[in-house]
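Enquirer: So that you have it, the file is coords.txt, and it contains compact mmCIF, C-alpha atoms and all ligand atoms:
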# COMPACT_ATOMS: atom_id res chain seq x y z
CA MET A 1 63.35 -59.31 33.08
CA ALA A 2 61.93 -55.83 33.59
CA THR A 3 62.44 -54.56 30.07
CA GLN A 4 59.94 -55.63 27.42
CA PHE A 5 61.86 -56.48 24.29
CA VAL A 6 60.62 -57.07 20.76
CA ILE A 7 63.02 -58.44 18.14
CA ALA A 8 62.64 -57.53 14.46
CA THR A 9 64.85 -59.42 12.05
CA ASP A 10 65.78 -59.60 8.40
CA LEU A 11 66.06 -63.10 6.92
CA ASP A 12 68.64 -63.55 4.14
CA GLY A 13 72.15 -63.06 5.50
CA THR A 14 70.80 -62.32 8.99
CA LEU A 15 68.61 -65.06 10.50
CA LEU A 16 69.39 -67.27 7.49
CA ASP A 17 72.86 -68.14 6.23
CA HIS A 18 73.81 -66.18 3.12
CA TYR A 19 74.85 -69.31 1.21
CA ASN A 20 72.70 -72.22 2.33
CA TYR A 21 69.68 -70.41 3.89
CA SER A 22 70.04 -72.42 7.12
CA TRP A 23 68.90 -70.89 10.45
CA GLN A 24 70.47 -73.62 12.62
CA ALA A 25 73.22 -71.37 14.02
CA ALA A 26 70.52 -68.93 15.21
CA ARG A 27 68.82 -71.66 17.25
CA PRO A 28 70.50 -70.83 20.62
CA GLY A 29 69.57 -67.16 20.21
CA ILE A 30 66.00 -68.03 19.24
CA GLU A 31 65.66 -70.40 22.21
CA LEU A 32 66.95 -67.71 24.56
CA ALA A 33 64.47 -65.15 23.18
CA LYS A 34 61.64 -67.67 23.51
CA GLN A 35 62.64 -68.38 27.15
CA HIS A 36 62.29 -64.65 27.81
CA LYS A 37 58.96 -64.58 25.92
CA ILE A 38 60.35 -62.05 23.47
CA PRO A 39 58.38 -61.87 20.20
CA ILE A 40 60.48 -62.29 17.03
CA ILE A 41 59.12 -60.36 14.06
CA ILE A 42 60.40 -61.51 10.67
CA ASN A 43 60.77 -58.41 8.47
CA THR A 44 61.90 -59.29 4.95
CA SER A 45 61.66 -58.65 1.21
CA LYS A 46 60.23 -62.16 0.81
CA THR A 47 56.56 -62.94 0.15
CA ALA A 48 54.03 -64.10 2.76
CA GLU A 49 54.01 -67.62 1.29
CA GLU A 50 57.77 -67.85 1.63
CA VAL A 51 57.77 -66.53 5.21
CA PHE A 52 54.84 -68.68 6.30
CA VAL A 53 56.78 -71.88 5.50
CA LEU A 54 59.71 -70.69 7.59
CA ALA A 55 57.53 -69.43 10.46
CA LYS A 56 55.98 -72.89 10.76
CA GLU A 57 59.43 -74.49 10.74
CA LEU A 58 60.60 -72.14 13.50
CA ASP A 59 57.34 -72.57 15.43
CA PHE A 60 56.84 -68.78 15.40
CA ASN A 61 53.37 -67.50 16.03
CA PHE A 62 54.21 -63.81 15.77
CA PRO A 63 53.22 -61.13 13.26
CA PHE A 64 55.55 -60.93 10.26
CA VAL A 65 56.32 -58.26 7.68
CA VAL A 66 56.65 -59.06 3.96
CA GLU A 67 57.85 -57.43 0.75
CA ASN A 68 60.00 -54.72 2.38
CA GLY A 69 57.44 -53.28 4.77
CA SER A 70 54.49 -53.55 2.37
CA ALA A 71 52.20 -55.69 4.51
CA ILE A 72 51.98 -57.10 8.04
CA PHE A 73 50.48 -60.53 8.64
CA ILE A 74 49.04 -60.84 12.15
CA PRO A 75 47.98 -64.28 13.44
CA LYS A 76 44.31 -64.53 14.43
CA VAL A 77 44.67 -67.93 16.08
CA GLN A 78 47.10 -69.64 18.42
CA LYS A 79 48.27 -72.12 15.80
CA THR A 80 48.19 -70.79 12.26
CA LEU A 81 47.63 -73.44 9.60
CA ASP A 82 46.37 -71.41 6.69
CA LEU A 83 47.78 -68.20 5.26
CA THR A 84 44.47 -67.02 3.79
CA ASN A 85 42.21 -67.64 6.79
CA ASP A 86 44.37 -67.47 9.90
CA PHE A 87 45.85 -63.98 9.52
CA THR A 88 44.70 -60.38 9.50
CA VAL A 89 46.62 -58.39 6.89
CA GLU A 90 47.54 -54.75 7.39
CA ILE A 91 48.67 -53.23 4.08
CA LEU A 92 51.07 -50.31 4.49
CA GLY A 93 52.21 -50.15 0.87
CA SER A 94 50.24 -50.74 -2.35
CA THR A 95 48.75 -53.88 -3.83
CA ARG A 96 50.73 -55.52 -6.61
CA GLN A 97 47.78 -54.99 -8.95
CA GLN A 98 47.97 -51.22 -8.40
CA ILE A 99 51.69 -51.35 -9.07
CA ILE A 100 51.63 -53.43 -12.24
CA ASP A 101 48.67 -51.51 -13.67
CA TRP A 102 50.73 -48.33 -13.50
CA LEU A 103 54.19 -49.83 -14.16
CA TYR A 104 53.61 -51.67 -17.41
CA ALA A 105 51.42 -48.95 -18.90
CA ALA A 106 54.18 -46.44 -18.08
CA ARG A 107 56.74 -48.71 -19.76
CA ASN A 108 54.72 -48.71 -22.99
CA GLU A 109 54.22 -44.96 -22.86
CA ASN A 110 57.85 -44.10 -22.19
CA GLY A 111 59.58 -46.88 -24.08
CA TRP A 112 61.71 -47.91 -21.09
CA GLN A 113 63.56 -51.19 -21.40
CA PHE A 114 63.00 -53.45 -18.39
CA GLU A 115 61.55 -56.82 -17.57
CA GLY A 116 59.73 -57.93 -14.45
CA TYR A 117 57.95 -60.81 -12.74
CA HIS A 118 54.78 -59.90 -14.62
CA ASP A 119 56.56 -60.69 -17.92
CA TRP A 120 57.99 -64.03 -16.84
CA ASP A 121 56.79 -67.56 -16.51
CA ILE A 122 58.17 -69.81 -13.80
CA ARG A 123 60.97 -71.19 -16.01
CA GLN A 124 62.29 -67.68 -16.69
CA LEU A 125 62.14 -66.80 -13.00
CA ILE A 126 64.12 -69.95 -12.15
CA SER A 127 66.73 -69.05 -14.75
CA TYR A 128 67.11 -65.55 -13.23
CA THR A 129 67.16 -66.58 -9.57
CA GLY A 130 68.34 -70.18 -9.34
CA LEU A 131 65.37 -70.92 -7.06
CA ASP A 132 63.90 -74.41 -7.10
CA GLU A 133 60.43 -74.77 -8.58
CA ASN A 134 58.58 -74.79 -5.26
CA SER A 135 60.38 -71.67 -3.99
CA ALA A 136 59.97 -69.94 -7.34
CA GLU A 137 56.21 -70.49 -7.16
CA LYS A 138 56.12 -68.97 -3.67
CA SER A 139 58.23 -66.04 -4.85
CA MET A 140 55.84 -65.54 -7.80
CA SER A 141 52.88 -65.24 -5.45
CA ARG A 142 53.60 -61.59 -4.70
CA GLY A 143 50.92 -59.32 -3.30
CA TYR A 144 52.54 -55.93 -2.82
CA SER A 145 55.61 -55.35 -4.97
CA GLU A 146 57.07 -55.96 -8.43
CA PRO A 147 60.76 -56.90 -8.89
CA ILE A 148 62.27 -55.84 -12.22
CA ILE A 149 65.58 -56.05 -14.10
CA TRP A 150 66.57 -52.73 -15.67
CA ARG A 151 67.84 -53.05 -19.24
CA ASP A 152 68.09 -49.39 -20.14
CA SER A 153 70.61 -46.57 -19.60
CA ASP A 154 71.44 -44.93 -16.27
CA SER A 155 69.91 -41.65 -17.39
CA GLN A 156 66.68 -43.43 -18.30
CA LEU A 157 66.80 -45.08 -14.88
CA GLN A 158 66.89 -41.65 -13.24
CA GLU A 159 63.89 -40.59 -15.29
CA PHE A 160 62.11 -43.82 -14.39
CA GLN A 161 62.84 -43.30 -10.71
CA GLN A 162 61.24 -39.85 -10.82
CA HIS A 163 58.14 -41.28 -12.54
CA VAL A 164 57.89 -44.01 -9.88
CA LYS A 165 58.00 -41.37 -7.18
CA ASP A 166 55.48 -39.11 -8.91
CA ALA A 167 53.10 -42.05 -9.23
CA GLY A 168 53.26 -42.54 -5.45
CA PHE A 169 55.47 -45.60 -5.42
CA THR A 170 59.03 -46.34 -4.24
CA LEU A 171 61.99 -47.88 -6.05
CA LEU A 172 64.21 -50.04 -3.85
CA LYS A 173 67.48 -51.66 -4.85
CA GLY A 174 67.69 -55.27 -3.70
CA GLY A 175 70.46 -57.80 -4.10
CA ARG A 176 69.25 -59.11 -7.44
CA PHE A 177 66.37 -56.91 -8.58
CA LEU A 178 64.99 -53.41 -8.40
CA HIS A 179 61.71 -53.50 -6.48
CA VAL A 180 58.76 -51.22 -7.19
CA LEU A 181 56.55 -51.00 -4.10
CA GLY A 182 54.25 -48.62 -2.23
CA CYS A 183 55.48 -45.76 -0.05
CA THR A 184 56.71 -47.81 2.86
CA ASP A 185 59.82 -49.51 4.21
CA LYS A 186 60.81 -52.06 6.84
CA GLY A 187 61.05 -49.30 9.47
CA GLU A 188 57.46 -48.11 8.86
CA ALA A 189 56.24 -51.64 9.46
CA ASN A 190 58.16 -51.97 12.72
CA SER A 191 56.79 -48.65 13.94
CA TRP A 192 53.26 -49.74 13.05
CA LEU A 193 53.66 -52.92 15.07
CA LEU A 194 55.11 -51.11 18.08
CA ASN A 195 52.36 -48.46 18.01
CA ASN A 196 49.43 -50.77 17.37
CA PHE A 197 50.33 -54.20 18.57
CA TYR A 198 53.07 -54.13 21.19
CA LYS A 199 52.16 -50.81 22.76
CA THR A 200 52.73 -50.91 26.50
CA LYS A 201 51.25 -48.52 29.05
CA ASN A 202 54.48 -46.62 29.63
CA ASN A 203 55.96 -47.18 26.17
CA ALA A 204 58.67 -49.27 27.79
CA THR A 205 58.98 -51.71 24.90
CA ARG A 206 62.47 -51.76 23.49
CA LEU A 207 63.04 -52.82 19.91
CA ILE A 208 66.07 -54.87 18.93
CA ALA A 209 66.44 -54.88 15.12
CA LEU A 210 68.88 -57.06 13.19
CA GLY A 211 69.87 -56.78 9.54
CA ASP A 212 72.87 -57.09 7.21
CA SER A 213 72.17 -54.82 4.22
CA GLY A 214 71.30 -51.33 3.05
CA ASN A 215 67.57 -52.10 2.88
CA ASP A 216 67.63 -52.86 6.63
CA ILE A 217 68.86 -49.41 7.64
CA ALA A 218 65.34 -47.90 7.78
CA MET A 219 64.43 -50.68 10.20
CA LEU A 220 67.59 -50.28 12.29
CA ARG A 221 67.18 -46.51 12.47
CA ARG A 222 63.95 -46.88 14.44
CA ALA A 223 65.31 -49.50 16.82
CA ASP A 224 66.44 -48.92 20.40
CA ILE A 225 69.17 -51.50 19.87
CA PRO A 226 70.21 -51.73 16.19
CA VAL A 227 72.40 -54.69 15.22
CA LEU A 228 74.33 -55.07 11.97
CA VAL A 229 75.05 -58.73 11.39
CA LYS A 230 78.30 -59.36 9.56
CA SER A 231 77.96 -60.63 6.00
CA PRO A 232 80.37 -63.12 4.43
CA ALA A 233 79.61 -61.53 1.04
CA HIS A 234 79.76 -57.75 1.54
CA ASP A 235 80.91 -55.01 3.91
CA PHE A 236 78.67 -53.58 6.61
CA PRO A 237 76.34 -51.08 4.87
CA ALA A 238 76.98 -47.36 5.33
CA HIS A 239 74.56 -45.67 7.70
CA THR A 240 73.92 -42.57 9.78
CA ILE A 241 72.19 -44.04 12.80
CA ASP A 242 72.36 -41.89 15.94
CA VAL A 243 72.41 -44.55 18.62
CA ALA A 244 75.28 -47.03 19.02
CA VAL A 245 75.04 -49.84 16.49
CA MET A 246 76.20 -53.30 17.54
CA HIS A 247 78.34 -54.97 14.85
CA THR A 248 78.62 -58.74 15.20
CA LYS A 249 81.92 -60.59 14.85
CA ASN A 250 80.27 -63.72 13.50
CA THR A 251 78.36 -63.84 10.24
CA GLY A 252 74.67 -64.50 9.55
CA PRO A 253 72.78 -66.71 12.03
CA SER A 254 75.89 -67.16 14.25
CA GLY A 255 76.09 -63.38 14.53
CA TRP A 256 72.37 -63.36 15.31
CA THR A 257 72.89 -65.62 18.31
CA GLU A 258 75.98 -63.63 19.36
CA ALA A 259 73.97 -60.38 19.41
CA ILE A 260 70.91 -61.73 21.25
CA GLU A 261 73.03 -63.48 23.89
CA SER A 262 75.11 -60.37 24.47
CA ILE A 263 72.11 -58.00 24.69
CA LEU A 264 70.13 -60.21 27.06
CA LYS A 265 73.16 -60.92 29.23
CA ARG A 266 73.89 -57.19 29.49
CA GLU A 267 70.26 -56.65 30.50
CA LYS A 268 70.47 -59.19 33.32
CA SER A 269 73.61 -57.78 34.90
MG MG A 301 69.57 -59.48 4.27
Hey, can you dump this file as structure tokens for me?
Ligand SMILES: [Mg+2]
Expert:
Amino acid sequence: MATQFVIATDLDGTLLDHYNYSWQAARPGIELAKQHKIPIIINTSKTAEEVFVLAKELDFNFPFVVENGSAIFIPKVQKTLDLTNDFTVEILGSTRQQIIDWLYAARNENGWQFEGYHDWDIRQLISYTGLDENSAEKSMSRGYSEPIIWRDSDSQLQEFQQHVKDAGFTLLKGGRFLHVLGCTDKGEANSWLLNNFYKTKNNATRLIALGDSGNDIAMLRRADIPVLVKSPAHDFPAHTIDVAVMHTKNTGPSGWTEAIESILKREKS
């Protein structure tokens, strides 16, 4: 195949089933990409510990992006066994320590009503998320962002949002939480990888990006081939992307396979 492709993909609702988190239906698409030696970059709101477990399961030895574009983990060895020693980490956002130092002091100063991971023990996190204990621990081990639940008025939220911005951070709405993170997004991380890691002599690398939600749009906007994977739980997100966006007929990982097969088949013919 003449074209050099790189795939960047969201996890929940895209590579993983919305309900049971299974990636089995994506297997044919993943196998096809592997046959063509196409790297598959996981780009997610999850933490490095959460992604590392999945990457091992999928036998991926590619860079991955965590906490909504906050940091990129790049393997230093052929077979990564240890998250601390076997990766180089490129931080595009802020460290969680920088975020919580500012965030909780600002809460005291302004009297905002919200709670976040920093306030909770593992039992409370489980009660808010329904995660099992092992997954909750991995979700707790955050390095670059702080999820919160807002318990104040909408007008206070607007004020809060302005303070977040003024402090040099970003507020991102996720499925369950609001996330405070550094000034980055999933698209920034993809661009960094293409410019620094997958740069080809004639810039011929073409990025296929797949996602299902609003927080994937920044990533899709910078792709050569953006794919919106159908969700069983919500409509396709609104967007203003210039190039043609592929919308899958099938949901989640089945839609993932559908898209990859169709793009690579089109390329061959
Ligand atoms: Mg998703």
Enquirer: Which is closest to His18 of chain A among A:Leu178, A:Ile241, A:Val229, A:Ile260, if we use only C-alpha atoms?
Expert: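 Of A:Leu178, A:Ile241, A:Val229, A:Ile260, the one nearest His18 of chain A, counting only C-alpha atoms, is A:Val229.
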Enquirer: Counting all atoms listed in the file, what is within 12 Å of segment 195-197 of chain A, bar same-chain residues fewer than 3 positions away, as a PyMOL selection string?
Expert: chain A and resi 6+39+41+62-64+72-75+90+188-192+200-207
Enquirer: Which residues, protein or nucleic acid, reach to within 12 Å of (76.5, -57.8, 4.7) in the file's coordinates when using only C-alpha atoms, and can you give that as a count of residues only?
Expert: 35
Enquirer: Tell me, counting only C-alpha atoms, for each residue of segment 75-100 of chain A within 6 Å of segment 133-155 of chain A, which pair of atoms is nearest and how far apart they are in Å to one decimal, in rows ordered by chain and increasing number, as a tab-separated table.
Expert:
residue	atom	partner	partner_atom	distance
A:Ser94	CA	A:Tyr144	CA	5.7
A:Thr95	CA	A:Tyr144	CA	4.4
A:Arg96	CA	A:Tyr144	CA	4.2
Enquirer: Given the point (72.9, -57.3, 20.0) in the file's coordinates, find the residues that have an atom at most 7 Å from it, counting all atoms listed in the file, and give them as a PyMOL selection string.
Expert: chain A and resi 225+227+246+259-260+262-263
Enquirer: Restricting the calculation to all atoms listed in the file, which member of A:Gln97, A:Asp86, A:Arg176, A:Thr240 is positioned closest to ligand MG 301 (chain A)?
Expert: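 So, comparing all the options, the nearest one is A:Arg176.
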